[in-house]
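Taking it in order: structure first as structure tokens, then the write-up.
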Amino acid sequence: MSGGRLILGVETSCDETAVAVVRDGRQILSSSVASQIETHSPYGGVVPELAGRKHLENLVTVLQSALRKSAVKPSDLDAVAITSSPGLLGALLVGTTFAKSLSMGWSLPLIEVNHLYAHALSIFLDNRRPRFPFLALVASGGHSSLFEVLSPRELNQIGRTRDDAPGEVMDKIAKFLGLGYPGGPVIDRLAAQGDPEAIAFPRGLQRDPSFDFSFSGLKTSVVNHVLGSGAIGGRLADHQAPPLEKTALRDLAASFQEAVVDSLVSKTLRAARDRGFRTVVVSGGVAANSRLRKKMADQGRSEGIRALFPSPRLCTDNAAMIAGAAYHLLKSGEFSDYSFRPSPRMKTG
Amino acid sequence: MKRSTAKTYNSSAPEETAGIARRLAKGLSPGSVVALVGPLGSGKTVFVKGMAEALGLPAATATSPTFSIINEYEGDPPLYHIDLYRLEHAEEIAELGLHEYFDAAGIVAVEWAERASGLLPEGTITVTLERTGGGGRKITVSRT
């Protein structure tokens, strides 16, 4: 191998079992992902016990694939990087134990990476280099967070969701409408043929001075709209929408998606204006949504704010972003000992 | 024969639902388990936010645990916020180890608790949220 620092990244915080090899924090030599979406699909969501076990079954195969594709030998590597928070505890435990073992077995330093920081920095793997500081929105099934990215190692969370994450409401509404899992892509597809102004759904916390998000009021509104104002009991049988006519379904999907997108766009651009950022980076699974990409870019442009999106394969969970973020910690010698424990929640300071 | 008592409240807004939760939570002691039952968007997380406030935490602390399944909030006593939405099979719920939370010296709130009905301890307080006409909620608090 020609020069450069090579990091092997491992990611198991939720659905995806992923291993990647990245050179110098920007060149992806391999990025292997085994998704559990097929395993989870019948359940309409990620099943955590299942997730831990599937990671265990997949990790060695995914590691072998990442090493083979990159043509890198363990002896060429400079470090092993692992997501230690936030995520599902069972899934994180499998990944951190695996990475600690690799680190010990190969005598390589171990680097702990925050999953959300890695998303916020994933744009660098697309060969784009926004100048620091910039604003980053990470929107996914488990998170909705705004970060001031002061440097690759200094991220300051200035906003987060107060209830549901945007990907979570998309999954829940898709399941409620009988559209299957995951909800994001199917809603995106239906919405493209619907009228986003057909139904006026609320945009949460729009007048609130904070940079926090709220999506649970929107969820309730969609359920109310579909079921009408009649009384509904607490039985599980009542948790499903009746079948909707095709145009009504498309309009509903478009109007619902527009409310999610507007909430994300308006808060993010307001944060950029208030804090003086000219660049906004949007990542996480929800950043693959076509309407969000277009609206953030268009509205941003009209205000002189540049919106950048990592390519879709970097938006969903992957290990290249873990190895990418770890590079900056490698440079400053910030290694982890083996005593750390994974944490399911984002530490808020 | 076990005696059970039930009390019914009407709420017309999320703030009222949180208020009912605050009053309920003030009367709880460590080890109490609150089972929340109600359809999507009926106010279960809003209810737990109210409980968090009563335990001295900012309401914003409590967020949906759908993704993480269990959120732990460091109140006095601690509040364990559990969400079984994504768990549809009894064996998955059994493997979660819920009893460890029931036995800890905190207050436990379980959303979608009907999925764990056989696993909830005796003395669990069940809060059922139902939609009434016009966007209101009928909230029934029953103790068994």
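Ligands are numbered from 1 in the order shown, residues from 1 within each chain, and chains are lettered A, B, ... in the order they appear in the structure tokens.
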Check: which chain B residues lie within 8 Å of chain A using only C-alpha atoms, as number ranges by chain: B: 37-42, 45, 60-64, 66-69, 71, 86-88, 92, 95-96, 128-135
Residue set, chain B restricted to strand (DSSP E), as a ChimeraX atom specification: /B:5-11,33-37,70-73,79-83,107-111,125-131,137-143
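For the choices B:Pro30, B:Val46, B:Arg137, B:Glu53, the atom-to-atom distance to Val108 in chain B is smallest for B:Pro30 when using only C-alpha atoms.
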Near-Thr12 in chain A list (9 Å; only C-alpha atoms; drop same-chain fewer than 2 positions) as a list in words: Val10, Cys14, Asp15, Glu16, Thr17, Ala18, Val19, Ala51, Gly52, His55, Leu59, Ile82, Thr83, Gly87, Leu88, Ala91, Leu92, Leu93, Val94, Gly95, Thr96, Asp317, Asn318 and Ala319 of chain A
Polymer residues at most 9 Å from Gly184 in chain A, only C-alpha atoms, same-chain spacing of 6 or more positions, as number ranges by chain: A: 167, 170-171, 174, 285-286, 288-289
Please write the residues from the selection above to a file, keeping N, CA and C atoms, as an mmCIF file, in the first residue's frame.
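In the end it all went to part-v2.cif:
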data_model
loop_
_atom_site.group_PDB
_atom_site.id
_atom_site.type_symbol
_atom_site.label_atom_id
_atom_site.label_comp_id
_atom_site.auth_asym_id
_atom_site.auth_seq_id
_atom_site.Cartn_x
_atom_site.Cartn_y
_atom_site.Cartn_z
ATOM 1 N N GLY A 167 -37.377 10.401 11.202
ATOM 2 C CA GLY A 167 -37.470 9.084 10.573
ATOM 3 C C GLY A 167 -38.431 8.175 11.330
ATOM 4 N N MET A 170 -41.921 9.042 10.334
ATOM 5 C CA MET A 170 -42.171 8.512 8.988
ATOM 6 C C MET A 170 -42.440 7.010 9.059
ATOM 7 N N ASP A 171 -41.649 6.289 9.835
ATOM 8 C CA ASP A 171 -41.875 4.849 10.003
ATOM 9 C C ASP A 171 -43.234 4.565 10.644
ATOM 10 N N ALA A 174 -46.058 5.428 8.217
ATOM 11 C CA ALA A 174 -46.091 4.426 7.133
ATOM 12 C C ALA A 174 -46.725 3.129 7.639
ATOM 13 N N GLY A 285 -30.136 9.238 7.815
ATOM 14 C CA GLY A 285 -31.022 8.540 6.873
ATOM 15 C C GLY A 285 -32.073 9.429 6.230
ATOM 16 N N VAL A 286 -32.613 10.404 6.984
ATOM 17 C CA VAL A 286 -33.667 11.269 6.443
ATOM 18 C C VAL A 286 -33.102 12.221 5.379
ATOM 19 N N ALA A 288 -31.616 11.389 2.917
ATOM 20 C CA ALA A 288 -31.813 10.762 1.606
ATOM 21 C C ALA A 288 -33.152 11.175 1.004
ATOM 22 N N ASN A 289 -34.017 11.837 1.790
ATOM 23 C CA ASN A 289 -35.334 12.248 1.294
ATOM 24 C C ASN A 289 -35.194 13.318 0.204
#
Polymer residues at most 8 Å from Leu28 in chain B, only C-alpha atoms, same-chain spacing of 4 or more positions, as number ranges by chain: B: 24, 32, 107
Store the residues of this selection in a file with all heavy atoms, as a PDB file, in the first residue's frame.
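result.pdb written:
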ATOM      1  N   LEU B  24     -50.319  12.685  39.260  1.00  0.00           N
ATOM      2  CA  LEU B  24     -50.164  11.248  39.525  1.00  0.00           C
ATOM      3  C   LEU B  24     -48.748  10.960  40.027  1.00  0.00           C
ATOM      4  O   LEU B  24     -48.548  10.262  41.023  1.00  0.00           O
ATOM      5  CB  LEU B  24     -50.436  10.433  38.261  1.00  0.00           C
ATOM      6  CG  LEU B  24     -50.121   8.933  38.377  1.00  0.00           C
ATOM      7  CD1 LEU B  24     -51.207   8.212  39.181  1.00  0.00           C
ATOM      8  CD2 LEU B  24     -49.964   8.272  37.015  1.00  0.00           C
ATOM      9  N   SER B  32     -42.544   2.228  41.852  1.00  0.00           N
ATOM     10  CA  SER B  32     -43.845   2.291  41.170  1.00  0.00           C
ATOM     11  C   SER B  32     -43.679   2.028  39.677  1.00  0.00           C
ATOM     12  O   SER B  32     -42.709   2.470  39.059  1.00  0.00           O
ATOM     13  CB  SER B  32     -44.468   3.683  41.334  1.00  0.00           C
ATOM     14  OG  SER B  32     -44.711   3.977  42.685  1.00  0.00           O
ATOM     15  N   ILE B 107     -38.805   5.038  39.297  1.00  0.00           N
ATOM     16  CA  ILE B 107     -40.180   4.970  38.813  1.00  0.00           C
ATOM     17  C   ILE B 107     -40.102   4.541  37.354  1.00  0.00           C
ATOM     18  O   ILE B 107     -39.257   5.035  36.600  1.00  0.00           O
ATOM     19  CB  ILE B 107     -40.870   6.334  38.995  1.00  0.00           C
ATOM     20  CG1 ILE B 107     -41.134   6.522  40.498  1.00  0.00           C
ATOM     21  CG2 ILE B 107     -42.155   6.412  38.176  1.00  0.00           C
ATOM     22  CD1 ILE B 107     -41.604   7.888  40.873  1.00  0.00           C
TER      23      ILE B 107
END
All helix (DSSP H, G or I) positions in range 104-296 of chain A, as an NGL selection string: :A and (104-106 or 115-126 or 166-176 or 183-191 or 216-227 or 236-239 or 246-275 or 285-288 or 290-296)
